[in-house]
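target-v3.txt (compact mmCIF, C-alpha atoms and all ligand atoms)
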# COMPACT_ATOMS: atom_id res chain seq x y z
CA MET Q 1 16.57 7.84 -24.82
CA ARG Q 2 13.99 6.58 -27.31
CA VAL Q 3 10.58 5.81 -25.84
CA LEU Q 4 7.71 4.13 -27.66
CA LEU Q 5 4.30 5.23 -26.45
CA ILE Q 6 1.50 2.83 -27.40
CA GLU Q 7 -1.68 4.74 -26.61
CA ASP Q 8 -4.80 5.23 -28.73
CA ASP Q 9 -6.18 8.25 -26.89
CA ASP Q 10 -4.64 11.43 -28.30
CA ARG Q 11 -5.89 13.41 -25.31
CA VAL Q 12 -3.54 11.32 -23.18
CA ALA Q 13 -0.78 10.86 -25.75
CA GLY Q 14 -0.49 14.51 -26.82
CA PRO Q 15 0.36 16.13 -23.49
CA LEU Q 16 2.37 13.08 -22.49
CA MET Q 17 4.62 13.26 -25.54
CA GLU Q 18 5.04 16.98 -25.08
CA GLY Q 19 5.96 16.51 -21.43
CA LEU Q 20 8.37 13.65 -22.10
CA ARG Q 21 10.10 15.65 -24.83
CA ARG Q 22 10.59 18.49 -22.37
CA PHE Q 23 12.41 15.99 -20.18
CA GLY Q 24 14.66 15.09 -23.09
CA PHE Q 25 13.07 11.85 -24.26
CA ALA Q 26 12.59 11.05 -27.93
CA VAL Q 27 9.04 9.76 -28.18
CA GLU Q 28 7.56 7.66 -30.91
CA HIS Q 29 3.79 7.23 -30.90
CA ALA Q 30 1.78 4.18 -31.92
CA ARG Q 31 -2.02 4.27 -31.73
CA THR Q 32 -2.61 0.54 -31.98
CA GLY Q 33 -1.08 -2.60 -30.60
CA ALA Q 34 -0.15 -3.75 -34.09
CA ALA Q 35 1.61 -0.47 -34.87
CA GLY Q 36 3.44 -0.67 -31.56
CA LEU Q 37 4.61 -4.21 -32.23
CA SER Q 38 5.89 -3.32 -35.69
CA ALA Q 39 7.73 -0.17 -34.56
CA PRO Q 40 11.53 -0.28 -34.33
CA GLU Q 41 12.75 -1.52 -30.97
CA PRO Q 42 12.82 1.36 -28.50
CA ALA Q 43 14.74 1.71 -25.24
CA MET Q 44 11.48 1.77 -23.26
CA VAL Q 45 7.83 0.99 -23.94
CA LEU Q 46 4.94 2.87 -22.37
CA LEU Q 47 1.96 0.65 -22.96
CA ASP Q 48 -1.68 1.59 -22.58
CA LEU Q 49 -3.65 -1.54 -21.75
CA GLY Q 50 -6.88 -0.36 -23.38
CA LEU Q 51 -6.13 -0.45 -27.10
CA PRO Q 52 -8.60 -0.54 -30.00
CA ASP Q 53 -7.22 -3.46 -31.98
CA MET Q 54 -5.88 -5.87 -29.39
CA ASP Q 55 -5.64 -6.40 -25.66
CA GLY Q 56 -2.72 -4.45 -24.17
CA ILE Q 57 -1.90 -7.55 -22.13
CA ASP Q 58 -1.30 -9.46 -25.36
CA VAL Q 59 0.94 -6.65 -26.59
CA CYS Q 60 2.87 -6.92 -23.33
CA ARG Q 61 3.19 -10.67 -23.74
CA ALA Q 62 4.36 -10.36 -27.35
CA LEU Q 63 6.91 -7.67 -26.50
CA ARG Q 64 8.29 -9.66 -23.62
CA ALA Q 65 8.47 -12.84 -25.68
CA ARG Q 66 10.93 -11.26 -28.08
CA SER Q 67 12.88 -8.74 -26.04
CA PRO Q 68 13.86 -7.60 -22.55
CA VAL Q 69 12.82 -4.02 -23.37
CA PRO Q 70 11.53 -2.32 -20.20
CA ILE Q 71 7.73 -1.96 -20.22
CA ILE Q 72 5.69 0.46 -18.14
CA MET Q 73 1.96 -0.11 -18.34
CA ILE Q 74 -0.49 2.76 -18.40
CA THR Q 75 -3.65 1.59 -16.73
CA ALA Q 76 -7.02 2.85 -15.69
CA ARG Q 77 -7.81 2.84 -12.00
CA ASP Q 78 -10.12 -0.15 -12.22
CA ASP Q 79 -7.64 -2.22 -14.17
CA GLU Q 80 -6.15 -4.05 -11.22
CA VAL Q 81 -6.56 -7.53 -12.68
CA ASP Q 82 -4.86 -6.53 -15.94
CA ARG Q 83 -2.19 -4.70 -14.03
CA VAL Q 84 -1.20 -7.69 -11.93
CA LEU Q 85 -1.40 -9.92 -14.98
CA GLY Q 86 0.89 -7.52 -16.83
CA LEU Q 87 3.40 -7.58 -13.98
CA GLU Q 88 3.20 -11.34 -13.98
CA LEU Q 89 3.92 -11.35 -17.72
CA GLY Q 90 7.05 -9.30 -17.18
CA ALA Q 91 6.00 -5.65 -17.35
CA ASP Q 92 8.34 -3.66 -15.13
CA ASP Q 93 5.98 -1.16 -13.58
CA TYR Q 94 2.76 0.73 -14.14
CA VAL Q 95 1.21 4.13 -13.73
CA SER Q 96 -2.50 4.62 -13.13
CA LYS Q 97 -4.45 7.29 -14.99
CA PRO Q 98 -4.51 10.10 -14.17
CA PHE Q 99 -0.81 10.59 -13.56
CA GLY Q 100 1.68 13.39 -14.01
CA VAL Q 101 4.60 13.48 -16.40
CA ARG Q 102 6.99 13.84 -13.45
CA GLU Q 103 5.69 10.65 -11.90
CA LEU Q 104 6.08 8.83 -15.19
CA VAL Q 105 9.60 10.17 -15.70
CA ALA Q 106 10.53 9.00 -12.21
CA ARG Q 107 9.21 5.53 -13.06
CA ILE Q 108 11.06 5.50 -16.38
CA ARG Q 109 14.30 6.40 -14.65
CA ALA Q 110 13.81 3.84 -11.90
CA VAL Q 111 12.96 1.07 -14.35
CA THR Q 112 15.89 1.98 -16.61
CA ARG Q 113 18.26 2.00 -13.66
CA ARG Q 114 17.13 -1.46 -12.71
CA ALA Q 115 17.25 -2.80 -16.27
CA ARG Q 116 20.56 -1.31 -17.31
CA PRO Q 117 22.51 0.31 -14.51
CA GLY Q 118 24.28 3.41 -15.76
CA ALA Q 119 22.21 3.69 -18.95
CA LEU Q 120 20.99 7.15 -18.06
CA GLY Q 121 24.45 8.46 -17.30
CA ALA Q 122 25.43 10.08 -14.05
CA GLY Q 123 22.15 11.65 -13.04
CA PRO Q 124 21.65 12.65 -9.43
CA GLU Q 125 19.92 9.34 -8.71
CA THR Q 126 22.71 7.25 -10.12
CA GLY Q 127 25.44 8.85 -8.04
CA ALA Q 128 27.39 6.12 -6.29
CA GLY Q 129 27.54 8.16 -3.12
CA GLY Q 130 23.86 7.80 -2.37
CA ALA Q 131 23.71 4.05 -2.73
CA GLY Q 132 24.63 2.97 0.76
CA GLY Q 133 23.76 6.16 2.57
CA THR Q 134 20.23 5.68 3.81
CA PRO Q 135 20.53 6.59 7.47
CA GLY Q 136 16.86 6.16 8.39
CA ALA Q 137 16.54 2.79 6.69
CA GLN Q 138 15.56 -0.48 8.33
CA ARG Q 139 18.14 -3.15 7.56
CA ILE Q 140 17.29 -6.79 7.08
CA GLY Q 141 20.26 -8.72 5.81
CA ALA Q 142 21.34 -7.09 2.55
CA LEU Q 143 18.06 -5.19 2.34
CA ALA Q 144 17.59 -1.57 3.42
CA ILE Q 145 14.06 -0.17 3.55
CA ASP Q 146 13.56 3.56 3.98
CA ARG Q 147 9.89 4.19 4.75
CA ARG Q 148 10.37 7.95 4.79
CA THR Q 149 11.55 8.12 1.19
CA ARG Q 150 9.94 4.81 0.12
CA GLN Q 151 13.29 3.66 -1.21
CA VAL Q 152 14.62 0.15 -1.04
CA HIS Q 153 18.25 -0.86 -1.51
CA LEU Q 154 19.57 -4.37 -1.93
CA HIS Q 155 23.31 -4.86 -1.50
CA GLY Q 156 23.57 -1.05 -1.67
CA SER Q 157 21.81 -0.77 -5.04
CA PRO Q 158 18.37 0.76 -5.35
CA ILE Q 159 15.55 -1.50 -6.46
CA ALA Q 160 12.41 0.00 -7.95
CA LEU Q 161 9.23 -1.35 -6.45
CA ALA Q 162 5.71 -0.61 -7.57
CA PRO Q 163 3.72 1.13 -4.81
CA LYS Q 164 1.88 -2.04 -3.80
CA GLU Q 165 5.10 -4.02 -3.74
CA PHE Q 166 6.61 -1.45 -1.41
CA ASP Q 167 3.57 -1.62 0.88
CA LEU Q 168 3.73 -5.39 0.80
CA LEU Q 169 7.43 -5.40 1.65
CA THR Q 170 7.04 -2.95 4.54
CA CYS Q 171 4.17 -5.01 5.92
CA LEU Q 172 6.33 -8.13 5.93
CA ALA Q 173 9.28 -6.13 7.28
CA GLU Q 174 7.32 -4.91 10.31
CA ASP Q 175 8.47 -8.03 12.07
CA PRO Q 176 11.04 -9.92 10.00
CA GLY Q 177 10.80 -13.65 10.44
CA ALA Q 178 7.26 -13.49 11.81
CA VAL Q 179 4.43 -14.91 9.77
CA CYS Q 180 1.98 -12.39 8.33
CA SER Q 181 -1.40 -13.84 7.53
CA ARG Q 182 -2.87 -13.24 4.09
CA ARG Q 183 -5.72 -11.29 5.68
CA GLN Q 184 -3.28 -9.11 7.60
CA ILE Q 185 -1.31 -8.33 4.47
CA LEU Q 186 -4.41 -7.54 2.44
CA ASP Q 187 -5.72 -5.28 5.20
CA THR Q 188 -2.42 -3.45 5.48
CA ALA Q 189 -1.11 -3.22 1.93
CA TRP Q 190 -4.45 -3.06 0.17
CA GLU Q 191 -7.29 -1.81 2.32
CA PRO Q 192 -9.29 -3.17 5.23
CA HIS Q 193 -11.93 -5.62 4.05
CA TYR Q 194 -10.40 -5.94 0.61
CA PHE Q 195 -12.61 -8.41 -1.20
CA GLY Q 196 -10.92 -8.50 -4.56
CA PRO Q 197 -9.18 -11.56 -5.93
CA THR Q 198 -6.64 -12.80 -3.38
CA LYS Q 199 -4.60 -14.04 -6.33
CA THR Q 200 -3.57 -10.40 -6.57
CA LEU Q 201 -1.52 -10.94 -3.44
CA ASP Q 202 0.27 -13.95 -4.90
CA VAL Q 203 1.05 -12.05 -8.07
CA HIS Q 204 2.58 -9.18 -6.12
CA ILE Q 205 4.53 -11.62 -3.96
CA ALA Q 206 5.91 -13.18 -7.15
CA ALA Q 207 6.85 -9.78 -8.57
CA LEU Q 208 8.50 -8.75 -5.31
CA ARG Q 209 10.46 -12.00 -5.13
CA ARG Q 210 11.68 -11.45 -8.67
CA LYS Q 211 12.87 -7.95 -7.83
CA LEU Q 212 14.57 -9.16 -4.66
CA GLY Q 213 16.49 -11.55 -6.90
CA ASP Q 214 15.97 -14.54 -4.64
CA SER Q 215 12.60 -16.14 -4.03
CA SER Q 216 13.68 -17.39 -0.60
CA TRP Q 217 13.39 -13.83 0.75
CA ILE Q 218 9.67 -14.43 1.08
CA GLU Q 219 8.71 -17.73 2.54
CA ASN Q 220 5.25 -19.09 1.84
CA ILE Q 221 3.62 -20.59 4.91
CA ARG Q 222 1.05 -22.74 3.23
CA GLY Q 223 -2.53 -21.90 4.04
CA ILE Q 224 -1.51 -19.11 6.43
CA GLY Q 225 0.58 -16.38 4.87
CA PHE Q 226 4.13 -15.26 4.30
CA ARG Q 227 7.23 -14.22 6.16
CA LEU Q 228 10.29 -12.22 5.24
CA VAL Q 229 13.63 -13.92 5.84
CA PRO Q 230 17.08 -12.94 4.56
CA PRO Q 231 18.16 -15.79 2.26
CA SER Q 232 21.45 -16.21 4.10
CA ALA Q 233 19.83 -16.54 7.52
CA PRO Q 234 19.63 -20.04 8.92
CA HIS Q 235 16.06 -21.24 8.64
CA ALA Q 236 14.42 -22.43 11.79
CA ALA Q 237 13.16 -25.98 11.45
CA SER Q 238 9.84 -25.16 12.98
CA THR Q 239 7.49 -22.25 12.52
CA PRO Q 240 8.48 -19.44 14.86
CA PRO Q 241 6.05 -18.22 17.48
CA PRO Q 242 3.46 -15.92 15.96
CA GLY Q 243 4.59 -12.33 15.88
CA PRO Q 244 2.41 -9.27 16.29
CA CYS Q 245 1.73 -9.35 12.56
CA VAL Q 246 -0.54 -12.35 12.92
CA GLY Q 247 -3.92 -11.09 13.87
CA GLY Q 248 -6.37 -12.66 11.47
CA ALA Q 249 -8.95 -15.17 12.52
CA ARG Q 250 -7.81 -17.60 9.86
CA CA Q 301 -6.78 3.54 -24.37
Written as C-alpha cells, that's how I'd like the structure from this file.
Ligand code: CA
Amino acid sequence: MRVLLIEDDDRVAGPLMEGLRRFGFAVEHARTGAAGLSAPEPAMVLLDLGLPDMDGIDVCRALRARSPVPIIMITARDDEVDRVLGLELGADDYVSKPFGVRELVARIRAVTRRARPGALGAGPETGAGGAGGTPGAQRIGALAIDRRTRQVHLHGSPIALAPKEFDLLTCLAEDPGAVCSRRQILDTAWEPHYFGPTKTLDVHIAALRRKLGDSSWIENIRGIGFRLVPPSAPHAASTPPPGPCVGGAR
C-alpha cells in the first residue's frame, strides 16, 4: 500500500517512514504542501497540519476536493480547532503528536477498511468471523458498542471512530433515547469544565453522524442537547422524560 507522508519535520518523518516500511507500507515523503499536492495519487495520505508553505487545512481541503483518498491528519496536541476543522472538511481521522507507529498503523488499517472494505486483504481484523461476534457489546438497533475494546459495529461491520467520537457515542448510548445536555456531553466526552469552543461538539456530532451513515441516529434537541435514536425506531411525538443523562443547569 502506497502512503504519502506530508510532513516538513524530518525528525518526525524519518522514524515514521522507517516504522511504516517495517510494517510493509511504501512511503513517499513530501516536505511541503505544494509537493504533497503535486505527488502522484497515493492510497493514503498522512498529513501534518503545520507545514512551511501552506496551511495543512488547505492541503486537506484541496485533496478532498479532487479525490476520496483517505486522509489521516497528524496534529499537535493544541491543534484541536484545526483538527475538528479537518474532520469537517473530510479528513478521516487524526493522530496527535507524539504517537507511536503502531497506533498510526492501526488508524491506517481502520480508515482503509472503512474506505475500501477488503483493500488490505484478509488480515486478522478483516476476518468475517469477527464481525458480528462482540459478546460484551451494547446493542442499539443495528449498532453494537463494545466499551471494553472500544469497537463499534454497524450492521455487523466495524466502523472506525476517532477517540472523541467514540467517547461522544458512548455518552449518548448511556441512555438511548434520553436527551443529553450539551454541558453533560462536554463534561463526559471532553473534560469537566471544558471551556473551549462548543462548536467542537457540533463538529464531532457531524462527523459521527456521517460515520453512522444516517444523520437521524443523533437527534438535535434545539437549545438543549442531543439524543441517540436508531433511525428505524418510531419517533415519539413529544420529548421523552429526561433521563439520568440530563444533569446540567441549562
Ligand atoms: Ca510540521
Report task. Measure the distance from atom CA of Pro231 of chain Q to atom CA of Thr112 of chain Q in Å and round it to one decimal. Result ->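 Atom-to-atom, atom CA of Pro231 of chain Q to atom CA of Thr112 of chain Q, that is 26.0 Å.
The two atoms in question, atom CA of Leu49 of chain Q and atom CA of Arg102 of chain Q, are spaced 20.5 Å apart.
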Report task. Quick one: everything within 7 Å of segment 150-162 of chain Q, counting all atoms listed in the file, minus sequence neighbours fewer than 5 positions away in the same chain. Send it as JSON, numbers by chain. Result -> {"Q": [93, 110, 111, 114, 131, 132, 142, 143, 144, 145]}
Requested in this report: With only C-alpha atoms and all ligand atoms counted, collect every polymer residue having an atom within 12 Å of ligand CA 301 (chain Q); state the result as a ChimeraX atom specification.
Outcome: /Q:5-13,30-33,46-56,73-76,79,97
Query raised in the report: atom CA of His204 of chain Q and atom CA of Val45 of chain Q, how far apart in Å?
Result: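 One can read the atom CA of Val45 of chain Q to atom CA of His204 of chain Q distance as 21.2 Å.
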**Report entry** Residue contacts of Gly19 of chain Q (12 Å, all atoms listed in the file) excluding same-chain residues fewer than 5 positions away, as a PyMOL selection string
**Finding:** chain Q and resi 12-14+24-27+99-105
Query raised in the report: Within 7 Å of (11.0, -15.9, 10.5), in the coordinates the file gives, what residues turn up when you count only C-alpha atoms, written out as a ChimeraX atom specification?
Result: /Q:176-179,227-229,240
**Report entry** Residue neighbourhood Glu41 of chain Q, 12 Å, all atoms listed in the file, exclusion window fewer than 5 positions, as a list in words
**Finding:**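 In the requested form, the answer reads Met1, Arg2, Val3, Leu4, Leu5, Glu28, Ala35, Gly36, Leu63, Arg64, Arg66, Ser67, Pro68, Val69, Pro70 and Ile71 of chain Q.
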**Report entry** Residues within 9 Å of Val84 of chain Q, only C-alpha atoms, excluding chain neighbours under 4 positions, as a ChimeraX atom specification
**Finding:** /Q:79-80,88-89,200,203-204,207
Query raised in the report: With only C-alpha atoms as the atoms that count, which of Q:Arg183, Q:Arg109, Q:Lys199, Q:Lys211 lies nearest to Phe226 of chain Q?
Result: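 Checking each of Q:Arg183, Q:Arg109, Q:Lys199, Q:Lys211 against Phe226 of chain Q, counting only C-alpha atoms, the winner is Q:Arg183.
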